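Enquirer: upload_15.txt is reproduced below (compact mmCIF, C-alpha atoms).
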```txt
# COMPACT_ATOMS: atom_id res chain seq x y z
CA MET A 9 4.98 -11.99 12.21
CA PRO A 10 3.84 -14.13 9.29
CA PRO A 11 4.00 -12.50 5.86
CA ILE A 12 0.87 -11.89 3.80
CA LYS A 13 2.56 -13.03 0.60
CA GLY A 14 0.24 -15.42 -1.22
CA SER A 15 -2.74 -14.48 0.96
CA THR A 16 -6.09 -13.61 -0.58
CA VAL A 17 -7.32 -10.21 0.61
CA VAL A 18 -10.77 -8.74 -0.06
CA ILE A 19 -11.05 -4.96 0.37
CA ILE A 20 -14.60 -3.61 0.41
CA GLY A 21 -14.25 0.03 -0.50
CA GLY A 22 -10.89 -0.56 -2.17
CA SER A 23 -11.23 1.67 -5.22
CA SER A 24 -10.22 4.92 -3.51
CA GLY A 25 -8.83 6.48 -0.35
CA ILE A 26 -7.63 4.27 2.48
CA GLY A 27 -8.92 1.09 0.85
CA TYR A 28 -6.97 1.85 -2.32
CA ALA A 29 -3.80 2.38 -0.25
CA VAL A 30 -4.38 -0.93 1.54
CA ALA A 31 -4.80 -2.66 -1.83
CA ALA A 32 -1.53 -1.18 -3.08
CA ALA A 33 0.34 -2.22 0.08
CA CYS A 34 -1.05 -5.76 -0.13
CA LEU A 35 0.02 -6.09 -3.77
CA GLU A 36 3.48 -4.80 -2.91
CA ASN A 37 3.69 -7.52 -0.24
CA GLY A 38 2.74 -10.30 -2.65
CA ALA A 39 -0.91 -10.79 -1.76
CA LYS A 40 -3.75 -11.59 -4.16
CA VAL A 41 -6.20 -8.70 -3.95
CA HIS A 42 -9.91 -8.34 -4.65
CA ILE A 43 -11.42 -4.85 -4.45
CA ALA A 44 -15.12 -4.05 -4.44
CA SER A 45 -16.84 -0.81 -5.44
CA SER A 46 -20.30 0.26 -6.55
CA ASN A 47 -18.96 2.13 -9.57
CA SER A 48 -17.70 -0.09 -12.41
CA THR A 49 -15.88 2.75 -14.21
CA ARG A 50 -14.03 3.85 -11.08
CA LEU A 51 -13.30 0.22 -10.27
CA GLN A 52 -11.54 -0.40 -13.58
CA SER A 53 -9.64 2.89 -13.32
CA SER A 54 -8.44 1.91 -9.86
CA ILE A 55 -7.30 -1.52 -11.04
CA ASP A 56 -5.32 0.05 -13.89
CA ALA A 57 -3.79 2.61 -11.52
CA LEU A 58 -2.85 -0.06 -8.97
CA LYS A 59 -1.10 -2.16 -11.61
CA GLN A 60 0.84 0.92 -12.69
CA LYS A 61 1.62 1.84 -9.08
CA VAL A 62 3.20 -1.55 -8.36
CA SER A 63 4.80 -1.64 -11.83
CA ASN A 64 3.21 -4.95 -12.71
CA SER A 65 0.65 -5.25 -15.49
CA ASN A 66 -0.02 -8.81 -14.34
CA ALA A 67 -0.55 -7.93 -10.68
CA PRO A 68 -3.04 -10.36 -9.08
CA ILE A 69 -5.91 -7.93 -8.58
CA THR A 70 -9.59 -8.51 -9.36
CA GLY A 71 -12.44 -6.03 -9.26
CA HIS A 72 -16.02 -6.69 -8.19
CA VAL A 73 -19.03 -4.40 -8.55
CA CYS A 74 -21.01 -4.43 -5.31
CA ASP A 75 -23.60 -1.76 -4.47
CA LEU A 76 -23.64 -1.50 -0.68
CA SER A 77 -26.56 0.93 -0.69
CA SER A 78 -29.02 -1.47 -2.29
CA GLY A 79 -31.79 -3.34 -0.51
CA HIS A 80 -30.29 -6.66 -1.60
CA VAL A 81 -26.82 -5.89 -0.27
CA GLU A 82 -26.57 -9.16 1.69
CA ARG A 83 -27.10 -11.18 -1.48
CA ASP A 84 -24.50 -9.11 -3.33
CA LEU A 85 -21.99 -9.47 -0.48
CA GLU A 86 -22.48 -13.21 -0.49
CA HIS A 87 -21.75 -13.33 -4.22
CA LEU A 88 -18.64 -11.15 -3.75
CA LEU A 89 -17.18 -13.30 -0.99
CA GLN A 90 -18.01 -16.51 -2.79
CA SER A 91 -16.21 -15.23 -5.90
CA ALA A 92 -13.02 -14.58 -3.92
CA ALA A 93 -13.05 -17.63 -1.62
CA PRO A 94 -11.09 -19.02 0.09
CA ILE A 95 -10.27 -15.66 1.70
CA ASP A 96 -7.54 -15.00 4.26
CA HIS A 97 -8.29 -11.37 5.11
CA ILE A 98 -11.24 -9.02 4.68
CA VAL A 99 -10.81 -5.27 5.07
CA TYR A 100 -13.85 -2.99 5.27
CA THR A 101 -13.14 0.67 4.48
CA ALA A 102 -16.34 1.58 2.65
CA GLY A 103 -18.09 4.81 3.52
CA ASP A 104 -20.18 7.59 2.07
CA ALA A 105 -20.39 11.37 2.50
CA LEU A 106 -19.99 12.37 6.15
CA PRO A 107 -23.46 13.31 7.50
CA ILE A 108 -22.30 16.27 9.56
CA GLN A 109 -25.37 18.33 10.42
CA PRO A 110 -27.04 20.04 13.39
CA LEU A 111 -29.01 17.81 15.71
CA ASP A 112 -32.26 19.72 15.13
CA SER A 113 -32.10 19.00 11.38
CA ILE A 114 -32.00 15.19 11.50
CA ASN A 115 -34.93 12.80 11.16
CA LEU A 116 -35.47 9.05 11.28
CA GLU A 117 -34.61 8.61 7.61
CA ALA A 118 -31.28 10.43 8.09
CA ILE A 119 -30.46 8.24 11.10
CA HIS A 120 -31.08 5.04 9.14
CA ARG A 121 -29.17 6.32 6.12
CA ALA A 122 -26.13 7.33 8.18
CA GLY A 123 -25.80 3.87 9.69
CA HIS A 124 -26.45 1.71 6.64
CA ILE A 125 -22.96 1.56 5.10
CA ARG A 126 -21.01 2.38 8.26
CA PHE A 127 -22.69 -0.02 10.68
CA ALA A 128 -25.26 -2.37 9.15
CA VAL A 129 -23.23 -3.55 6.16
CA PRO A 130 -20.05 -4.46 8.10
CA LEU A 131 -22.22 -6.52 10.45
CA LEU A 132 -23.60 -8.39 7.43
CA VAL A 133 -20.04 -8.92 6.17
CA ALA A 134 -19.16 -10.46 9.53
CA LYS A 135 -22.23 -12.71 9.37
CA LEU A 136 -21.19 -14.07 5.97
CA ALA A 137 -17.40 -14.11 6.39
CA PRO A 138 -16.88 -17.47 8.15
CA ARG A 139 -18.43 -19.36 5.24
CA PHE A 140 -15.83 -18.06 2.81
CA MET A 141 -12.68 -17.57 4.89
CA THR A 142 -9.82 -19.92 5.66
CA PRO A 143 -10.53 -21.20 9.21
CA GLY A 144 -8.18 -20.29 12.04
CA TYR A 145 -6.45 -17.40 13.74
CA ARG A 146 -4.29 -16.56 10.73
CA SER A 147 -7.38 -15.12 9.02
CA SER A 148 -8.76 -11.69 9.90
CA LEU A 149 -11.57 -9.21 9.43
CA THR A 150 -10.64 -5.54 9.93
CA LEU A 151 -13.29 -2.83 10.21
CA THR A 152 -12.96 0.95 10.15
CA THR A 153 -14.23 3.66 12.50
CA GLY A 154 -12.86 7.17 13.11
CA ALA A 155 -11.48 9.55 15.71
CA ALA A 156 -14.99 10.91 16.32
CA SER A 157 -15.71 7.60 18.04
CA GLU A 158 -13.37 8.69 20.83
CA LYS A 159 -13.66 12.49 20.81
CA PRO A 160 -16.84 14.54 20.35
CA PHE A 161 -17.13 17.25 17.71
CA PRO A 162 -19.93 19.79 17.17
CA ASN A 163 -22.71 18.54 14.85
CA TRP A 164 -21.35 14.97 14.76
CA SER A 165 -24.06 13.37 16.94
CA LEU A 166 -25.68 11.66 13.96
CA ILE A 167 -22.56 9.72 13.00
CA ALA A 168 -20.68 9.50 16.32
CA GLY A 169 -23.01 6.86 17.76
CA TYR A 170 -22.36 4.52 14.86
CA LEU A 171 -18.60 5.12 14.95
CA THR A 172 -18.49 4.39 18.68
CA GLY A 173 -20.79 1.40 18.26
CA LEU A 174 -18.28 -0.15 15.86
CA HIS A 175 -15.86 -0.57 18.78
CA GLY A 176 -18.40 -2.66 20.64
CA MET A 177 -19.30 -4.58 17.51
CA THR A 178 -15.63 -5.42 16.91
CA ARG A 179 -15.08 -6.75 20.42
CA ASN A 180 -18.21 -8.88 20.31
CA LEU A 181 -17.47 -10.19 16.83
CA ALA A 182 -14.05 -11.28 18.07
CA VAL A 183 -15.90 -13.47 20.58
CA ASP A 184 -18.57 -14.69 18.16
CA LEU A 185 -16.19 -15.46 15.28
CA LYS A 186 -13.21 -16.91 17.17
CA PRO A 187 -10.68 -18.14 16.21
CA LEU A 188 -11.13 -15.80 13.23
CA ARG A 189 -9.60 -12.50 14.33
CA VAL A 190 -11.63 -9.26 14.25
CA ASN A 191 -10.07 -5.81 14.75
CA ILE A 192 -10.75 -2.18 13.93
CA VAL A 193 -8.72 0.81 12.71
CA SER A 194 -9.58 4.32 13.90
CA PRO A 195 -8.12 7.01 11.62
CA GLY A 196 -8.18 10.71 12.34
CA ALA A 197 -8.33 13.23 9.50
CA VAL A 198 -6.88 11.62 6.37
CA ASP A 199 -6.36 13.19 2.96
CA THR A 200 -8.77 11.10 0.84
CA PRO A 201 -11.43 11.78 -1.82
CA MET A 202 -14.14 11.45 0.84
CA TRP A 203 -13.68 15.17 1.60
CA GLY A 204 -14.94 16.04 -1.87
CA GLU A 205 -13.45 18.27 -4.55
CA ALA A 206 -12.42 20.93 -2.04
CA GLY A 207 -10.18 18.45 -0.27
CA VAL A 208 -9.25 18.51 3.41
CA PRO A 209 -10.73 21.63 5.08
CA ASP A 210 -8.25 24.41 5.80
CA GLY A 211 -6.93 24.42 9.34
CA LEU A 212 -7.72 20.79 10.09
CA GLU A 213 -4.01 20.06 10.57
CA GLU A 214 -3.99 22.53 13.46
CA GLN A 215 -6.28 20.18 15.38
CA THR A 216 -3.49 17.60 15.69
CA LEU A 217 -0.30 17.44 17.75
CA LEU A 218 1.77 16.81 14.62
CA LYS A 219 0.21 19.72 12.67
CA LYS A 220 -0.56 17.44 9.76
CA VAL A 221 -3.35 15.27 8.42
CA GLY A 222 -2.61 11.65 7.69
CA THR A 223 -2.02 10.11 4.31
CA ALA A 224 -3.87 7.02 3.14
CA GLU A 225 -0.53 5.23 2.79
CA GLU A 226 0.32 5.87 6.45
CA VAL A 227 -3.04 4.61 7.68
CA ALA A 228 -2.84 1.52 5.43
CA GLU A 229 0.00 0.22 7.61
CA ALA A 230 -2.45 -0.31 10.48
CA TYR A 231 -4.50 -2.71 8.37
CA LEU A 232 -1.43 -4.68 7.33
CA TYR A 233 -0.39 -4.94 10.96
CA PHE A 234 -3.70 -6.57 11.86
CA MET A 235 -3.32 -9.05 9.00
CA ARG A 236 0.13 -10.05 10.24
CA ASP A 237 -0.26 -10.08 14.02
CA THR A 238 -1.93 -13.41 14.68
CA ASN A 239 -2.18 -12.50 18.38
CA ALA A 240 -4.36 -9.41 17.84
CA THR A 241 -8.13 -9.68 18.07
CA GLY A 242 -10.84 -7.44 19.48
CA SER A 243 -8.33 -4.60 19.27
CA CYS A 244 -8.28 -1.04 17.93
CA LEU A 245 -5.40 0.83 16.33
CA SER A 246 -5.67 4.62 16.32
CA THR A 247 -3.73 6.63 13.74
CA ASN A 248 -4.71 10.24 14.21
CA GLY A 249 -1.69 12.50 14.55
CA GLY A 250 -2.42 12.99 18.24
CA SER A 251 -5.77 14.68 17.55
CA LEU A 252 -7.29 13.02 20.63
CA LEU A 253 -4.78 14.86 22.83
CA VAL A 254 -5.50 18.39 21.61
```
Please go through the file and, once you have read it, give me the structure as structure tokens.

Expert:
Amino acid sequence: MPPIKGSTVVIIGGSSGIGYAVAAACLENGAKVHIASSNSTRLQSSIDALKQKVSNSNAPITGHVCDLSSGHVERDLEHLLQSAAPIDHIVYTAGDALPIQPLDSINLEAIHRAGHIRFAVPLLVAKLAPRFMTPGYRSSLTLTTGAASEKPFPNWSLIAGYLTGLHGMTRNLAVDLKPLRVNIVSPGAVDTPMWGEAGVPDGLEEQTLLKKVGTAEEVAEAYLYFMRDTNATGSCLSTNGGSLLV
């Protein structure tokens, strides 16, 4: 498969968790990396940490502040992509706190809020992407869903519909954006800051065949695969420790 050395990669949500691990892996493979985050302080800290991680103070990494929760998110995304163009690969790993709550406690506002960053924003990214990406099948857009898109869990109804909908969005975007490739990664439980200060809940590893939760570095390999495999589009890679089989 073709290397990503010299490619320009934009990672939306790249300042922590899985996105951070993807950024590190891309830098280690010689790519030029742009990461976007809503928090300027965290963004700079992540850039400094990434340069230290790859032992290169001159590593080709650029940070962009982009608030995905704002009402003018499409304008901000356009500015982000324009700043990084021409782009070879876009990775979308952005998310917010998991809205896990009983069905009888949700309302219309909660439904809209749960889908904004997970579903609406990646669709806007896809709308804008062709204007700023290198044409052809060597370029790719990779989205992110989760194991709850394939296996139901109690009190996950609010978010599960969006996660499952991302599969359909990915397949249709692959048709609409061809020959640009569009794929999706579906992680299971991964040890990232998204779980909050308490970290991964106790006992979660018991819900997998491997009796472990994933690391961000392990999951990052799925995103690199989609960048490299110029024959993959409309596809999903699951990396979940066998949690769907338990």

Enquirer: For Ala156 of chain A, please output as an MDAnalysis selection string all residues within 7 Å (counting all atoms listed in the file; exclusion window: fewer than 5 positions along the same chain).

Expert: chainID A and resid 161 168 171

Enquirer: Could you state the separation of atom CA of Ala118 of chain A and atom CA of Ile167 of chain A in Å, given to one decimal place?

Expert: 10.0 Å

Enquirer: Could you give me, as JSON, numbers by chain, the residues that have an atom at most 12 Å away from the point (-22.5, -11.4, 10.9) in the coordinates of the file, using all atoms listed in the file?

Expert: {"A": [82, 85, 86, 127, 128, 129, 130, 131, 132, 133, 134, 135, 136, 137, 138, 139, 149, 177, 178, 180, 181, 182, 183, 184, 185, 190]}

Enquirer: Which residues are near Val221 of chain A? Cut-off 12 Å, all atoms listed in the file, ignore same chain within fewer than 4 positions. Put them as a PyMOL selection string.

Expert: chain A and resi 195-200+207-217+225-227+247-251

Enquirer: Could you list, as a PDB file with C-alpha atoms, keeping the file's coordinate frame, every residue within 10 Å of segment 230-245 of chain A, counting only C-alpha atoms and ignoring same-chain residues fewer than 4 positions away?

Expert:
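This is the output file part-v5.pdb:
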```pdb
ATOM      1  CA  MET A   9       4.980 -11.990  12.210  1.00  0.00           C
ATOM      2  CA  PRO A  10       3.840 -14.130   9.290  1.00  0.00           C
ATOM      3  CA  PRO A  11       4.000 -12.500   5.860  1.00  0.00           C
ATOM      4  CA  ILE A  12       0.870 -11.890   3.800  1.00  0.00           C
ATOM      5  CA  SER A  15      -2.740 -14.480   0.960  1.00  0.00           C
ATOM      6  CA  VAL A  17      -7.320 -10.210   0.610  1.00  0.00           C
ATOM      7  CA  ILE A  26      -7.630   4.270   2.480  1.00  0.00           C
ATOM      8  CA  GLY A  27      -8.920   1.090   0.850  1.00  0.00           C
ATOM      9  CA  VAL A  30      -4.380  -0.930   1.540  1.00  0.00           C
ATOM     10  CA  ALA A  31      -4.800  -2.660  -1.830  1.00  0.00           C
ATOM     11  CA  ALA A  33       0.340  -2.220   0.080  1.00  0.00           C
ATOM     12  CA  CYS A  34      -1.050  -5.760  -0.130  1.00  0.00           C
ATOM     13  CA  ASN A  37       3.690  -7.520  -0.240  1.00  0.00           C
ATOM     14  CA  ASP A  96      -7.540 -15.000   4.260  1.00  0.00           C
ATOM     15  CA  HIS A  97      -8.290 -11.370   5.110  1.00  0.00           C
ATOM     16  CA  ILE A  98     -11.240  -9.020   4.680  1.00  0.00           C
ATOM     17  CA  VAL A  99     -10.810  -5.270   5.070  1.00  0.00           C
ATOM     18  CA  TYR A 100     -13.850  -2.990   5.270  1.00  0.00           C
ATOM     19  CA  GLY A 144      -8.180 -20.290  12.040  1.00  0.00           C
ATOM     20  CA  TYR A 145      -6.450 -17.400  13.740  1.00  0.00           C
ATOM     21  CA  ARG A 146      -4.290 -16.560  10.730  1.00  0.00           C
ATOM     22  CA  SER A 147      -7.380 -15.120   9.020  1.00  0.00           C
ATOM     23  CA  SER A 148      -8.760 -11.690   9.900  1.00  0.00           C
ATOM     24  CA  LEU A 149     -11.570  -9.210   9.430  1.00  0.00           C
ATOM     25  CA  THR A 150     -10.640  -5.540   9.930  1.00  0.00           C
ATOM     26  CA  LEU A 151     -13.290  -2.830  10.210  1.00  0.00           C
ATOM     27  CA  THR A 152     -12.960   0.950  10.150  1.00  0.00           C
ATOM     28  CA  THR A 153     -14.230   3.660  12.500  1.00  0.00           C
ATOM     29  CA  HIS A 175     -15.860  -0.570  18.780  1.00  0.00           C
ATOM     30  CA  GLY A 176     -18.400  -2.660  20.640  1.00  0.00           C
ATOM     31  CA  MET A 177     -19.300  -4.580  17.510  1.00  0.00           C
ATOM     32  CA  THR A 178     -15.630  -5.420  16.910  1.00  0.00           C
ATOM     33  CA  ARG A 179     -15.080  -6.750  20.420  1.00  0.00           C
ATOM     34  CA  ASN A 180     -18.210  -8.880  20.310  1.00  0.00           C
ATOM     35  CA  LEU A 181     -17.470 -10.190  16.830  1.00  0.00           C
ATOM     36  CA  ALA A 182     -14.050 -11.280  18.070  1.00  0.00           C
ATOM     37  CA  VAL A 183     -15.900 -13.470  20.580  1.00  0.00           C
ATOM     38  CA  LYS A 186     -13.210 -16.910  17.170  1.00  0.00           C
ATOM     39  CA  PRO A 187     -10.680 -18.140  16.210  1.00  0.00           C
ATOM     40  CA  LEU A 188     -11.130 -15.800  13.230  1.00  0.00           C
ATOM     41  CA  ARG A 189      -9.600 -12.500  14.330  1.00  0.00           C
ATOM     42  CA  VAL A 190     -11.630  -9.260  14.250  1.00  0.00           C
ATOM     43  CA  ASN A 191     -10.070  -5.810  14.750  1.00  0.00           C
ATOM     44  CA  ILE A 192     -10.750  -2.180  13.930  1.00  0.00           C
ATOM     45  CA  VAL A 193      -8.720   0.810  12.710  1.00  0.00           C
ATOM     46  CA  SER A 194      -9.580   4.320  13.900  1.00  0.00           C
ATOM     47  CA  PRO A 195      -8.120   7.010  11.620  1.00  0.00           C
ATOM     48  CA  GLU A 225      -0.530   5.230   2.790  1.00  0.00           C
ATOM     49  CA  GLU A 226       0.320   5.870   6.450  1.00  0.00           C
TER      50      GLU A 226
END
```

Enquirer: Considering all atoms listed in the file, can you say which of A:Ala92, A:Leu58, A:Met202, A:Ile119 comes closest to Met141 of chain A?

Expert: A:Ala92

Enquirer: From the list A:His80, A:Lys219, A:His72, A:Arg126, which residue is nearest Gln52 of chain A when using only C-alpha atoms?

Expert: A:His72

Enquirer: For Pro68 of chain A, which residue among A:Ser157, A:Ser24, A:Gln109, A:Thr16 is the nearest when counting only C-alpha atoms?

Expert: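 Smallest distance to Pro68 of chain A is found for A:Thr16.
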
Enquirer: With distances taken over all atoms listed in the file, which residue among A:Asp112, A:Asp56, A:Glu229, A:Glu36 lies nearest Trp164 of chain A?

Expert: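 Using all atoms listed in the file, Trp164 of chain A sits closest to A:Asp112.
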
Enquirer: Quick one: distance from atom CA of Val81 of chain A to atom CA of Ser45 of chain A in Å, one decimal?

Expert: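 Computing it gives 12.3 Å between the two atoms.
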
Enquirer: With distances taken over only C-alpha atoms, which of A:Ile95, A:Ala155, A:Leu35, A:Ala228 is nearest to Ser246 of chain A?

Expert: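 Checking each candidate against Ser246 of chain A, we get A:Ala155 as the closest.
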
Enquirer: By how many Å are atom CA of Pro110 of chain A and atom CA of Glu205 of chain A apart?

Expert: 22.6 Å

Enquirer: Between A:Leu218, A:Ile125, A:Ala44, A:Ile108, which is the closest to Val73 of chain A once you count all atoms listed in the file?

Expert: A:Ala44

Enquirer: Taking all atoms of segment 52-65 of chain A that the file lists, what box with edges along x, y and z, padded by 3 Å per side, do you get, with centre and edge lengths in Å to one decimal, as JSON?

Expert:
```
{"center_x": -3.4, "center_y": -1.2, "center_z": -11.9, "size_x": 22.3, "size_y": 14.1, "size_z": 13.1}
```
